[in-house]
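**Q** To be precise about what I am sending: the file is called run.cif and holds mmCIF, C-alpha atoms.
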```cif
data_target
#
loop_
_atom_site.label_atom_id
_atom_site.label_comp_id
_atom_site.auth_asym_id
_atom_site.auth_seq_id
_atom_site.Cartn_x
_atom_site.Cartn_y
_atom_site.Cartn_z
CA MET A 23 -84.79 -30.58 25.08
CA THR A 24 -87.75 -28.43 25.97
CA LYS A 25 -88.51 -25.18 24.19
CA ILE A 26 -87.84 -23.26 27.37
CA SER A 27 -84.37 -24.65 27.89
CA THR A 28 -83.58 -24.07 24.23
CA PHE A 29 -84.71 -20.51 24.68
CA LEU A 30 -82.55 -20.11 27.79
CA LEU A 31 -79.56 -21.55 26.01
CA ALA A 32 -80.14 -19.17 23.15
CA LEU A 33 -80.30 -16.32 25.66
CA LEU A 34 -77.04 -17.44 27.25
CA VAL A 35 -75.37 -17.64 23.87
CA PHE A 36 -76.69 -14.19 23.12
CA PHE A 37 -75.29 -12.81 26.39
CA VAL A 38 -71.94 -14.41 25.88
CA LEU A 39 -71.51 -13.42 22.26
CA SER A 40 -73.01 -9.98 22.07
CA CYS A 41 -71.46 -6.92 23.60
CA ALA A 42 -72.69 -3.36 23.63
CA GLU A 43 -76.46 -3.38 23.86
CA ASP A 44 -78.90 -1.32 25.83
CA SER A 45 -78.52 -2.37 29.45
CA ALA A 46 -82.31 -2.42 29.80
CA ASP A 47 -82.26 -5.56 27.68
CA ILE A 48 -80.27 -7.52 30.15
CA SER A 49 -82.55 -6.93 33.13
CA ALA A 50 -85.71 -7.50 31.13
CA ALA A 51 -84.38 -10.78 29.86
CA ALA A 52 -82.90 -11.75 33.19
CA SER A 53 -86.05 -11.32 35.27
CA SER A 54 -87.43 -14.58 34.01
CA GLY A 55 -84.03 -16.13 33.47
CA THR A 56 -80.84 -16.40 35.42
CA GLY A 57 -78.53 -13.80 36.87
CA VAL A 58 -74.83 -13.29 36.27
CA GLY A 59 -72.03 -14.47 38.51
CA GLY A 60 -68.40 -13.48 38.68
CA SER A 61 -65.54 -15.59 37.35
CA LEU A 62 -64.91 -17.05 40.80
CA ALA A 63 -68.38 -18.63 40.88
CA ARG A 64 -68.82 -22.27 41.78
CA PHE A 65 -72.51 -22.43 40.85
CA THR A 66 -74.00 -21.95 37.42
CA ILE A 67 -77.35 -22.63 35.81
CA LEU A 68 -77.71 -23.90 32.24
CA GLY A 69 -81.33 -24.32 31.23
CA ASP A 70 -82.97 -26.83 33.52
CA TYR A 71 -79.77 -27.77 35.31
CA LEU A 72 -77.74 -26.33 38.15
CA TYR A 73 -74.06 -27.22 38.14
CA THR A 74 -71.89 -26.84 41.21
CA VAL A 75 -68.25 -27.56 41.89
CA ASP A 76 -66.54 -28.21 45.16
CA ASN A 77 -62.99 -29.25 45.79
CA THR A 78 -62.93 -32.31 43.55
CA THR A 79 -66.40 -32.77 42.18
CA LEU A 80 -68.84 -31.44 39.58
CA ALA A 81 -72.42 -32.01 40.71
CA THR A 82 -75.53 -31.77 38.52
CA PHE A 83 -78.96 -30.89 39.87
CA ASP A 84 -82.09 -31.20 37.75
CA ILE A 85 -84.15 -28.05 38.36
CA SER A 86 -86.81 -28.66 35.70
CA ALA A 87 -89.10 -28.59 38.73
CA PRO A 88 -87.42 -25.41 39.98
CA GLU A 89 -88.67 -25.70 43.55
CA ALA A 90 -87.60 -29.30 43.94
CA PRO A 91 -84.03 -29.78 42.74
CA GLU A 92 -82.78 -33.30 42.39
CA LYS A 93 -79.14 -34.30 42.33
CA ILE A 94 -78.70 -36.47 39.25
CA ASP A 95 -74.96 -36.71 38.88
CA GLU A 96 -71.64 -36.37 40.64
CA THR A 97 -68.47 -36.44 38.58
CA VAL A 98 -65.02 -36.43 40.10
CA VAL A 99 -62.95 -34.00 38.03
CA THR A 100 -59.60 -33.56 39.76
CA GLN A 101 -58.13 -32.06 42.92
CA GLY A 102 -58.60 -28.34 43.48
CA VAL A 103 -61.61 -27.45 41.35
CA GLU A 104 -62.14 -23.74 41.89
CA THR A 105 -64.50 -22.20 39.37
CA ILE A 106 -67.14 -22.98 36.77
CA PHE A 107 -67.90 -20.98 33.63
CA PRO A 108 -70.83 -21.78 31.30
CA LEU A 109 -70.26 -21.51 27.56
CA LYS A 110 -73.23 -22.55 25.45
CA ASP A 111 -73.59 -26.25 26.13
CA HIS A 112 -70.16 -26.52 27.70
CA LEU A 113 -68.79 -26.03 31.18
CA LEU A 114 -65.27 -24.72 31.64
CA LEU A 115 -63.84 -25.62 35.01
CA GLY A 116 -60.92 -23.72 36.47
CA THR A 117 -58.85 -26.11 38.56
CA GLN A 118 -55.48 -25.82 40.16
CA ASN A 119 -53.83 -27.97 37.52
CA GLY A 120 -55.69 -26.86 34.43
CA MET A 121 -58.89 -25.99 32.65
CA TYR A 122 -61.28 -28.90 32.17
CA ILE A 123 -64.01 -28.80 29.54
CA TYR A 124 -67.25 -30.76 29.86
CA ARG A 125 -70.08 -30.95 27.37
CA VAL A 126 -73.63 -30.98 28.64
CA SER A 127 -76.06 -33.20 26.80
CA ASP A 128 -79.83 -32.79 26.54
CA ASN A 129 -80.36 -34.83 29.69
CA GLY A 130 -78.10 -32.43 31.58
CA LEU A 131 -75.35 -34.91 32.23
CA PRO A 132 -71.83 -33.56 31.77
CA ALA A 133 -69.30 -35.53 29.74
CA TYR A 134 -65.57 -34.89 29.70
CA VAL A 135 -64.33 -33.31 26.45
CA SER A 136 -60.80 -32.08 26.99
CA GLU A 137 -58.42 -30.25 29.26
CA TYR A 138 -55.60 -27.72 29.19
CA GLN A 139 -52.97 -28.57 31.77
CA HIS A 140 -50.76 -26.03 33.51
CA VAL A 141 -48.47 -25.81 36.50
CA VAL A 142 -50.40 -25.93 39.78
CA SER A 143 -51.68 -22.45 40.70
CA CYS A 144 -54.94 -20.59 41.35
CA ASP A 145 -56.92 -19.94 38.21
CA PRO A 146 -60.38 -18.80 37.14
CA VAL A 147 -61.42 -18.83 33.49
CA VAL A 148 -63.71 -16.89 31.14
CA ALA A 149 -64.29 -17.65 27.50
CA ASN A 150 -66.04 -16.83 24.27
CA GLN A 151 -66.74 -19.02 21.28
CA ASP A 152 -63.12 -19.31 20.19
CA TYR A 153 -60.87 -18.37 23.09
CA ALA A 154 -60.61 -19.04 26.79
CA TYR A 155 -58.74 -16.62 29.03
CA VAL A 156 -57.28 -18.13 32.16
CA THR A 157 -55.43 -16.29 34.90
CA LEU A 158 -52.81 -18.17 36.86
CA ARG A 159 -51.72 -16.84 40.21
CA VAL A 160 -49.00 -17.97 42.55
CA SER A 161 -49.01 -15.08 45.04
CA GLU A 162 -51.23 -15.92 48.02
CA CYS A 163 -52.08 -19.21 46.40
CA ARG A 164 -51.31 -21.82 49.03
CA GLU A 165 -51.20 -24.67 46.58
CA ALA A 166 -49.00 -23.07 43.92
CA ALA A 167 -46.18 -25.29 42.76
CA ALA A 168 -42.58 -24.22 42.46
CA GLY A 169 -41.98 -22.78 39.01
CA ALA A 170 -45.54 -21.54 38.59
CA ALA A 171 -45.93 -17.95 37.41
CA ASN A 172 -48.50 -15.14 37.41
CA THR A 173 -49.88 -15.12 33.90
CA LEU A 174 -52.84 -14.54 31.64
CA ASP A 175 -53.03 -17.54 29.33
CA VAL A 176 -54.88 -17.33 26.03
CA ILE A 177 -56.19 -20.69 24.91
CA ASP A 178 -57.64 -21.37 21.48
CA ILE A 179 -60.78 -23.46 22.01
CA SER A 180 -62.19 -23.19 18.49
CA ASN A 181 -61.56 -26.91 18.42
CA ILE A 182 -62.99 -27.68 21.84
CA GLU A 183 -61.66 -31.20 21.72
CA SER A 184 -58.14 -29.90 21.70
CA PRO A 185 -57.49 -26.62 23.57
CA ASN A 186 -54.30 -24.99 22.47
CA LEU A 187 -52.23 -22.39 24.35
CA VAL A 188 -51.52 -19.50 21.96
CA ASN A 189 -50.22 -16.81 24.28
CA SER A 190 -49.17 -16.23 27.87
CA LEU A 191 -48.80 -12.72 29.29
CA SER A 192 -46.89 -12.01 32.46
CA LEU A 193 -49.03 -10.44 35.21
CA ASP A 194 -48.53 -9.31 38.83
CA GLY A 195 -50.88 -11.65 40.72
CA PRO A 196 -54.21 -12.07 38.97
CA TYR A 197 -57.55 -13.12 40.50
CA GLY A 198 -60.90 -12.99 38.70
CA LEU A 199 -61.56 -11.75 35.20
CA GLY A 200 -64.45 -10.62 33.04
CA LEU A 201 -65.15 -10.58 29.34
CA ASP A 202 -67.46 -8.28 27.41
CA GLY A 203 -67.12 -8.52 23.66
CA ASN A 204 -63.62 -7.38 22.80
CA VAL A 205 -62.84 -6.03 26.25
CA LEU A 206 -61.19 -8.15 28.93
CA PHE A 207 -60.90 -7.07 32.56
CA VAL A 208 -58.32 -8.76 34.76
CA CYS A 209 -58.21 -8.27 38.54
CA GLU A 210 -54.74 -7.94 39.99
CA GLY A 211 -55.76 -7.80 43.68
CA SER A 212 -54.11 -4.88 45.50
CA ASN A 213 -52.15 -4.08 42.35
CA GLY A 214 -55.26 -2.97 40.54
CA LEU A 215 -57.41 -3.76 37.55
CA ARG A 216 -56.15 -4.27 34.02
CA VAL A 217 -58.22 -3.52 30.94
CA PHE A 218 -57.32 -5.27 27.69
CA ASN A 219 -58.49 -4.79 24.14
CA LEU A 220 -59.12 -8.06 22.33
CA ASP A 221 -59.30 -6.82 18.74
CA ASP A 222 -56.64 -9.44 18.20
CA PRO A 223 -58.04 -12.13 20.50
CA GLU A 224 -54.76 -13.98 20.64
CA SER A 225 -52.83 -10.94 21.69
CA PRO A 226 -54.62 -8.88 24.37
CA GLN A 227 -53.46 -5.25 24.30
CA GLU A 228 -53.47 -3.45 27.63
CA ILE A 229 -55.47 -0.22 27.45
CA ARG A 230 -55.40 0.75 31.10
CA TYR A 231 -54.02 -0.48 34.42
CA LEU A 232 -56.07 1.11 37.19
CA ASN A 233 -53.75 0.87 40.16
CA ASP A 234 -55.90 2.57 42.77
CA ILE A 235 -58.45 -0.27 42.90
CA ASN A 236 -58.12 -3.45 44.94
CA ALA A 237 -59.87 -5.90 42.62
CA ILE A 238 -60.61 -9.56 43.22
CA ASP A 239 -63.46 -10.24 40.82
CA VAL A 240 -65.59 -8.40 38.26
CA ILE A 241 -68.94 -8.66 36.52
CA PRO A 242 -69.22 -6.69 33.27
CA LEU A 243 -72.79 -5.51 32.68
CA ARG A 244 -72.67 -3.89 29.26
CA GLY A 245 -71.06 -0.63 30.19
CA THR A 246 -71.10 -0.93 33.96
CA LEU A 247 -68.42 -2.97 35.64
CA LEU A 248 -69.00 -4.36 39.13
CA VAL A 249 -65.65 -4.70 40.85
CA VAL A 250 -65.25 -6.39 44.21
CA GLY A 251 -62.25 -6.36 46.44
CA PRO A 252 -61.53 -6.63 50.14
CA ASP A 253 -62.04 -2.89 50.62
CA ALA A 254 -64.98 -1.93 48.47
CA LEU A 255 -67.63 -2.72 45.92
CA ILE A 256 -66.86 -0.35 43.08
CA GLN A 257 -68.87 0.38 39.93
CA LEU A 258 -67.14 1.69 36.85
CA ASP A 259 -68.64 3.14 33.69
CA TYR A 260 -66.75 1.68 30.73
CA THR A 261 -69.07 2.73 27.92
CA ASP A 262 -66.05 4.71 26.70
CA ILE A 263 -63.24 2.24 27.25
CA ASN A 264 -60.65 4.99 26.94
CA ASN A 265 -62.29 7.02 29.64
CA ILE A 266 -63.35 4.71 32.45
CA GLN A 267 -65.18 6.56 35.22
CA VAL A 268 -66.01 5.61 38.80
CA ILE A 269 -69.79 5.61 39.27
CA SER A 270 -69.85 4.68 42.93
CA GLU A 271 -67.90 3.02 45.68
CA MET A 272 -69.40 1.16 48.64
CA SER A 273 -66.77 0.61 51.28
CA ILE A 274 -66.47 -2.62 53.17
CA GLY A 275 -65.57 -3.23 56.76
CA ALA A 276 -67.18 -2.78 60.15
CA MET B 27 -37.82 -40.79 68.19
CA LYS B 28 -39.01 -37.27 68.88
CA ILE B 29 -42.21 -36.52 70.77
CA THR B 30 -43.63 -34.64 67.79
CA HIS B 31 -43.36 -37.80 65.79
CA TRP B 32 -45.53 -39.69 68.27
CA ALA B 33 -47.99 -36.81 68.43
CA GLY B 34 -48.32 -36.99 64.69
CA LEU B 35 -48.94 -40.70 64.73
CA LEU B 36 -51.51 -40.39 67.51
CA LEU B 37 -53.38 -37.66 65.67
CA ALA B 38 -53.35 -39.66 62.50
CA VAL B 39 -54.98 -42.56 64.30
CA THR B 40 -57.40 -40.36 66.23
CA PHE B 41 -58.77 -38.44 63.27
CA LEU B 42 -58.39 -40.03 59.91
CA ALA B 43 -55.65 -42.46 59.19
CA GLY B 44 -53.52 -41.51 56.24
CA CYS B 45 -54.52 -37.87 56.04
CA TYR B 46 -51.96 -36.64 58.51
CA THR B 47 -48.29 -36.77 57.87
CA GLU B 48 -45.39 -36.07 60.11
CA PRO B 49 -44.39 -32.40 59.96
CA VAL B 50 -40.80 -31.34 60.00
CA GLU B 51 -41.45 -29.37 63.19
CA ILE B 52 -44.33 -27.56 64.85
CA PRO B 53 -43.75 -23.81 64.60
CA GLU B 54 -44.32 -21.59 67.63
CA GLU B 55 -46.39 -19.30 65.45
CA THR B 56 -47.65 -19.69 61.91
CA VAL B 57 -50.53 -18.67 59.70
CA GLY B 58 -52.94 -21.54 59.18
CA LEU B 59 -56.63 -22.26 59.18
CA ALA B 60 -59.11 -22.27 62.03
CA PRO B 61 -62.65 -23.65 62.06
CA VAL B 62 -65.62 -21.29 61.96
CA TYR B 63 -68.41 -22.74 64.09
CA SER B 64 -72.13 -22.41 63.47
CA ASP B 65 -74.04 -19.73 65.30
CA GLY B 66 -76.95 -21.74 66.72
CA ASP B 67 -78.92 -23.92 64.30
CA TRP B 68 -77.13 -23.70 60.96
CA LYS B 69 -80.30 -24.64 59.09
CA ILE B 70 -82.15 -21.46 60.02
CA ILE B 71 -82.37 -19.16 57.01
CA GLU B 72 -83.98 -15.76 57.24
CA SER B 73 -84.07 -12.22 55.92
CA GLN B 74 -82.56 -9.73 58.30
CA PRO B 75 -82.15 -5.96 58.22
CA PRO B 76 -79.18 -4.72 56.18
CA GLN B 77 -75.83 -5.20 57.84
CA PRO B 78 -72.37 -3.79 57.24
CA ILE B 79 -70.29 -5.86 54.83
CA ILE B 80 -67.37 -7.28 56.81
CA GLU B 81 -65.65 -9.89 54.69
CA LEU B 82 -66.72 -9.83 51.09
CA ASN B 83 -66.83 -13.11 49.26
CA LYS B 84 -68.42 -13.27 45.80
CA ILE B 85 -70.91 -11.20 43.84
CA TYR B 86 -73.92 -12.08 41.74
CA TYR B 87 -76.10 -9.74 39.73
CA LYS B 88 -79.74 -9.99 38.75
CA ASP B 89 -82.43 -7.48 37.88
CA SER B 90 -80.67 -4.44 39.37
CA LEU B 91 -79.93 -6.31 42.57
CA ILE B 92 -76.38 -7.12 43.61
CA PHE B 93 -75.97 -10.13 45.87
CA VAL B 94 -72.79 -9.92 47.88
CA GLY B 95 -71.59 -12.93 49.80
CA GLU B 96 -70.47 -12.47 53.40
CA ALA B 97 -68.05 -15.34 53.88
CA GLN B 98 -69.82 -18.31 55.49
CA LYS B 99 -72.63 -16.18 56.93
CA GLY B 100 -74.97 -15.18 54.15
CA ILE B 101 -75.76 -12.66 51.46
CA HIS B 102 -76.09 -8.90 51.46
CA VAL B 103 -78.70 -7.68 49.02
CA ILE B 104 -77.98 -4.34 47.38
CA ASP B 105 -80.50 -2.32 45.41
CA ASN B 106 -78.58 -1.07 42.40
CA ARG B 107 -81.34 0.61 40.42
CA ASN B 108 -79.24 3.72 40.78
CA PRO B 109 -75.63 2.56 40.37
CA ALA B 110 -74.42 5.93 41.60
CA GLU B 111 -76.01 5.20 44.96
CA PRO B 112 -76.24 1.49 45.65
CA GLU B 113 -78.15 0.76 48.82
CA ARG B 114 -78.02 -2.23 51.15
CA ILE B 115 -81.62 -3.35 51.62
CA ALA B 116 -81.40 -6.73 53.37
CA PHE B 117 -79.18 -9.51 54.61
CA ILE B 118 -80.12 -13.13 54.01
CA SER B 119 -78.60 -15.25 56.74
CA ILE B 120 -77.32 -18.57 55.35
CA GLN B 121 -74.63 -20.26 57.40
CA GLY B 122 -71.78 -21.98 55.63
CA ASN B 123 -72.69 -20.24 52.37
CA SER B 124 -70.18 -19.51 49.64
CA ASP B 125 -72.12 -19.58 46.38
CA ILE B 126 -75.48 -18.76 44.87
CA SER B 127 -77.25 -18.86 41.55
CA ILE B 128 -80.65 -17.41 40.74
CA LYS B 129 -83.31 -18.39 38.25
CA GLY B 130 -86.55 -16.46 38.15
CA ASN B 131 -87.49 -15.79 41.77
CA LEU B 132 -85.64 -18.77 43.14
CA LEU B 133 -82.22 -18.54 44.70
CA TYR B 134 -80.09 -21.68 44.94
CA ALA B 135 -77.44 -21.63 47.65
CA ASN B 136 -75.22 -23.92 49.63
CA ASN B 137 -76.11 -24.00 53.31
CA LEU B 138 -73.14 -25.94 54.65
CA THR B 139 -73.75 -29.50 53.38
CA ASP B 140 -77.19 -28.82 51.94
CA LEU B 141 -78.50 -27.21 48.78
CA VAL B 142 -81.34 -24.84 49.64
CA VAL B 143 -83.89 -23.16 47.39
CA LEU B 144 -85.23 -19.80 48.53
CA ASN B 145 -88.11 -17.82 47.10
CA ILE B 146 -86.81 -14.26 47.00
CA SER B 147 -89.89 -12.51 45.55
CA ASP B 148 -90.01 -10.58 48.81
CA ILE B 149 -86.40 -9.93 49.69
CA ASN B 150 -87.36 -8.84 53.20
CA ASN B 151 -89.05 -12.12 53.85
CA VAL B 152 -87.31 -14.86 51.90
CA GLU B 153 -88.88 -18.24 52.14
CA LEU B 154 -87.18 -21.63 52.27
CA VAL B 155 -88.82 -23.65 49.51
CA SER B 156 -86.79 -26.84 49.67
CA ARG B 157 -83.62 -28.38 50.94
CA VAL B 158 -81.48 -31.16 49.44
CA GLU B 159 -79.74 -32.62 52.45
CA GLY B 160 -76.15 -33.75 52.08
CA ALA B 161 -75.83 -32.30 48.57
CA PHE B 162 -72.31 -31.11 49.35
CA PRO B 163 -70.81 -33.78 51.57
CA GLN B 164 -67.33 -32.28 51.41
CA SER B 165 -68.49 -29.09 53.10
CA GLY B 166 -69.31 -30.96 56.28
CA ALA B 167 -65.86 -32.44 56.56
CA THR B 168 -64.04 -31.77 59.79
CA LEU B 169 -60.89 -31.10 57.81
CA PRO B 170 -60.27 -28.09 55.58
CA GLN B 171 -60.77 -29.48 52.08
CA GLY B 172 -57.95 -29.23 49.62
CA TYR B 173 -55.65 -27.71 52.23
CA PHE B 174 -52.34 -29.04 53.40
CA GLY B 175 -50.77 -27.28 56.32
CA PHE B 176 -51.35 -26.43 59.98
CA PHE B 177 -54.82 -25.78 61.37
CA GLU B 178 -56.54 -25.26 64.69
CA CYS B 179 -57.83 -28.60 65.93
CA PRO B 180 -61.63 -28.81 65.67
CA ASP B 181 -63.56 -28.96 68.92
CA PRO B 182 -66.97 -30.64 68.40
CA ALA B 183 -68.21 -29.05 71.64
CA LEU B 184 -68.11 -25.64 69.95
CA GLY B 185 -70.69 -26.59 67.31
CA THR B 186 -70.86 -27.55 63.67
CA ILE B 187 -68.00 -26.36 61.51
CA VAL B 188 -69.45 -24.10 58.80
CA GLY B 189 -66.15 -23.12 57.23
CA TRP B 190 -62.51 -22.34 57.71
CA THR B 191 -60.75 -19.02 58.04
CA GLU B 192 -57.13 -17.94 58.03
CA LYS B 193 -55.67 -17.38 61.49
CA THR B 194 -52.34 -16.94 63.22
CA LEU B 195 -51.83 -20.15 65.19
CA GLN B 196 -49.64 -20.73 68.24
CA SER B 197 -47.95 -24.14 68.24
CA PRO B 198 -50.74 -25.77 66.20
CA GLU B 199 -51.35 -29.41 67.01
CA CYS B 200 -53.22 -30.33 63.84
CA TRP B 201 -51.88 -30.49 60.34
CA ARG B 202 -52.21 -32.49 57.19
#
```
If you convert what's in this file into structure tokens, what do you get?

**A**
Amino acid sequence: MTKISTFLLALLVFFVLSCAEDSADISAAASSGTGVGGSLARFTILGDYLYTVDNTTLATFDISAPEAPEKIDETVVTQGVETIFPLKDHLLLGTQNGMYIYRVSDNGLPAYVSEYQHVVSCDPVVANQDYAYVTLRVSECREAAAGAANTLDVIDISNIESPNLVNSLSLDGPYGLGLDGNVLFVCEGSNGLRVFNLDDPESPQEIRYLNDINAIDVIPLRGTLLVVGPDALIQLDYTDINNIQVISEMSIGA
Amino acid sequence: MKITHWAGLLLAVTFLAGCYTEPVEIPEETVGLAPVYSDGDWKIIESQPPQPIIELNKIYYKDSLIFVGEAQKGIHVIDNRNPAEPERIAFISIQGNSDISIKGNLLYANNLTDLVVLNISDINNVELVSRVEGAFPQSGATLPQGYFGFFECPDPALGTIVGWTEKTLQSPECWR
């Protein structure tokens, strides 16, 4: 592995693991590095490699020559691959029948590690070192199977070879989610945006349920939360988690 | 044997054997999918003046810029140096786009079936740096991927299909 990709990996680890830092840090570091996507993203960059998912497939592009990407791998994962989340040298794929974990080796090629199976539904994922948080939605999810439910599943991934469901909270109809340190944001579509405290990572405690926001996905940026929904792009200040304030709202629609 | 049964069989043969199954009955009206056709040459990528956001897709953040996907059409670029007053500064037209990722000054995006690399140093004049043709073969499929239900039959005369959108259909003749 080159020094640069090691550095980028270190940066990623830093972003994932650390929480409240000066927001100036993130832009300074990001200008030469990569940006941040939401939990519904299907593209992600890890070091010298771009990973993309479409319906069934995880594709790997070598971008060590950044202007001339080369597709070096195509791996069939399963039906209904929806999202991709980078975690150090792993990729967590949200699919309609479960979360699939791949490990990325030095040559960029992904190798299957493990999976957490659930009833067919729609489901992005975010994670930290030890836990993955997966939302499962049946409302307005065409593919949802009978018996599926709207939940937030907490999965222990401290042993990445063997993900283990430790908790499942009942929700209204969750979409995307975002993780910043010990704070977890969960979009509930037209029902609103939930804010959880993760002091006990296995048992998220709801701090707030903001019902006047239509939230589909979020990007937490160390104190500023980007929230997107069908009606607006909203920015919230969550530096004081007990006193979340609207910074701005850009409405959507012709 | 009912006429619908034969219609189903015919369609199955016409399009892609095995992908179509016989429906219970064709509804007079139902919500399904309809193709979105390309607007001219789908490979043309360019910066345009800011446009209203109509149908928001996904967001991506980098260096005080917010990139907001407009479903299947491209990306709104928002200057967020002052989060209290975010400002739309450009629209990057990329047909059939759903996802992006950025590293340095290069933006990677899907342009229908292709992966494109854009230099975004000057957001008002983005430059196509390279294109990996056929990188996403599933996107070019004439069937909505991963979808089982009724849809508006594609008409090749209307152009290249760049995506699918939900629509109320009257007596739809295609399904899978």

**Q** Care to translate the PyMOL selection byres ((chain B) within 9 of (chain A)) into actual residues of this file, as a PDB file with C-alpha atoms, in the coordinates of the input?

**A**
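Okay, out_35.pdb is ready:
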```pdb
ATOM      1  CA  PRO B  78     -72.370  -3.790  57.240  1.00  0.00           C
ATOM      2  CA  ILE B  79     -70.290  -5.860  54.830  1.00  0.00           C
ATOM      3  CA  ILE B  80     -67.370  -7.280  56.810  1.00  0.00           C
ATOM      4  CA  GLU B  81     -65.650  -9.890  54.690  1.00  0.00           C
ATOM      5  CA  LEU B  82     -66.720  -9.830  51.090  1.00  0.00           C
ATOM      6  CA  ASN B  83     -66.830 -13.110  49.260  1.00  0.00           C
ATOM      7  CA  LYS B  84     -68.420 -13.270  45.800  1.00  0.00           C
ATOM      8  CA  ILE B  85     -70.910 -11.200  43.840  1.00  0.00           C
ATOM      9  CA  TYR B  86     -73.920 -12.080  41.740  1.00  0.00           C
ATOM     10  CA  TYR B  87     -76.100  -9.740  39.730  1.00  0.00           C
ATOM     11  CA  LYS B  88     -79.740  -9.990  38.750  1.00  0.00           C
ATOM     12  CA  ASP B  89     -82.430  -7.480  37.880  1.00  0.00           C
ATOM     13  CA  SER B  90     -80.670  -4.440  39.370  1.00  0.00           C
ATOM     14  CA  PRO B 109     -75.630   2.560  40.370  1.00  0.00           C
ATOM     15  CA  ALA B 110     -74.420   5.930  41.600  1.00  0.00           C
ATOM     16  CA  GLU B 111     -76.010   5.200  44.960  1.00  0.00           C
ATOM     17  CA  PRO B 112     -76.240   1.490  45.650  1.00  0.00           C
ATOM     18  CA  GLU B 113     -78.150   0.760  48.820  1.00  0.00           C
ATOM     19  CA  SER B 124     -70.180 -19.510  49.640  1.00  0.00           C
ATOM     20  CA  ASP B 125     -72.120 -19.580  46.380  1.00  0.00           C
ATOM     21  CA  ILE B 126     -75.480 -18.760  44.870  1.00  0.00           C
ATOM     22  CA  SER B 127     -77.250 -18.860  41.550  1.00  0.00           C
ATOM     23  CA  ILE B 128     -80.650 -17.410  40.740  1.00  0.00           C
ATOM     24  CA  LYS B 129     -83.310 -18.390  38.250  1.00  0.00           C
ATOM     25  CA  GLY B 130     -86.550 -16.460  38.150  1.00  0.00           C
ATOM     26  CA  ASN B 131     -87.490 -15.790  41.770  1.00  0.00           C
ATOM     27  CA  LEU B 132     -85.640 -18.770  43.140  1.00  0.00           C
ATOM     28  CA  TYR B 134     -80.090 -21.680  44.940  1.00  0.00           C
ATOM     29  CA  ALA B 135     -77.440 -21.630  47.650  1.00  0.00           C
ATOM     30  CA  LEU B 141     -78.500 -27.210  48.780  1.00  0.00           C
ATOM     31  CA  VAL B 142     -81.340 -24.840  49.640  1.00  0.00           C
ATOM     32  CA  VAL B 143     -83.890 -23.160  47.390  1.00  0.00           C
ATOM     33  CA  LEU B 144     -85.230 -19.800  48.530  1.00  0.00           C
ATOM     34  CA  ASN B 145     -88.110 -17.820  47.100  1.00  0.00           C
ATOM     35  CA  VAL B 155     -88.820 -23.650  49.510  1.00  0.00           C
ATOM     36  CA  SER B 156     -86.790 -26.840  49.670  1.00  0.00           C
ATOM     37  CA  ARG B 157     -83.620 -28.380  50.940  1.00  0.00           C
ATOM     38  CA  VAL B 158     -81.480 -31.160  49.440  1.00  0.00           C
ATOM     39  CA  ALA B 161     -75.830 -32.300  48.570  1.00  0.00           C
ATOM     40  CA  PHE B 162     -72.310 -31.110  49.350  1.00  0.00           C
ATOM     41  CA  GLN B 164     -67.330 -32.280  51.410  1.00  0.00           C
ATOM     42  CA  SER B 165     -68.490 -29.090  53.100  1.00  0.00           C
ATOM     43  CA  GLN B 171     -60.770 -29.480  52.080  1.00  0.00           C
ATOM     44  CA  GLY B 172     -57.950 -29.230  49.620  1.00  0.00           C
ATOM     45  CA  TYR B 173     -55.650 -27.710  52.230  1.00  0.00           C
ATOM     46  CA  PHE B 174     -52.340 -29.040  53.400  1.00  0.00           C
TER      47      PHE B 174
END
```

**Q** Evaluate the PyMOL selection byres ((chain B and resi 184) around 12) on the structure here and hand back the selected residues as an mmCIF file with C-alpha atoms, in the coordinates of the input.

**A**
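Writing done, so here's out.cif:
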```cif
data_model
loop_
_atom_site.group_PDB
_atom_site.id
_atom_site.type_symbol
_atom_site.label_atom_id
_atom_site.label_comp_id
_atom_site.auth_asym_id
_atom_site.auth_seq_id
_atom_site.Cartn_x
_atom_site.Cartn_y
_atom_site.Cartn_z
ATOM 1 C CA PRO B 61 -62.650 -23.650 62.060
ATOM 2 C CA VAL B 62 -65.620 -21.290 61.960
ATOM 3 C CA TYR B 63 -68.410 -22.740 64.090
ATOM 4 C CA SER B 64 -72.130 -22.410 63.470
ATOM 5 C CA ASP B 65 -74.040 -19.730 65.300
ATOM 6 C CA GLY B 66 -76.950 -21.740 66.720
ATOM 7 C CA CYS B 179 -57.830 -28.600 65.930
ATOM 8 C CA PRO B 180 -61.630 -28.810 65.670
ATOM 9 C CA ASP B 181 -63.560 -28.960 68.920
ATOM 10 C CA PRO B 182 -66.970 -30.640 68.400
ATOM 11 C CA ALA B 183 -68.210 -29.050 71.640
ATOM 12 C CA GLY B 185 -70.690 -26.590 67.310
ATOM 13 C CA THR B 186 -70.860 -27.550 63.670
ATOM 14 C CA ILE B 187 -68.000 -26.360 61.510
ATOM 15 C CA VAL B 188 -69.450 -24.100 58.800
#
```

**Q** For region 155-159 of chain A, please output as a PyMOL selection string all residues within 8 Å (counting all atoms listed in the file; exclusion window: fewer than 4 positions along the same chain).

**A** chain A and resi 116+143-149+163+166+170-177+195-199

**Q** Expressed in Å to a single decimal, how great is the separation between CA of Lys69 (chain B) and CA of Ile115 (chain B)?

**A**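 CA of Ile115 (chain B) lies 22.6 Å from CA of Lys69 (chain B).
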
**Q** Measure the distance from CA of Glu178 (chain B) to CA of Leu195 (chain B) in Å and round it to one decimal.

**A** 7.0 Å

**Q** With the file shown as input, list the residues that the PyMOL selection byres ((chain A and resi 228) around 10) selects, as a VMD selection string.

**A** chain A and resid 205 to 207 216 to 220 225 to 227 229 to 231
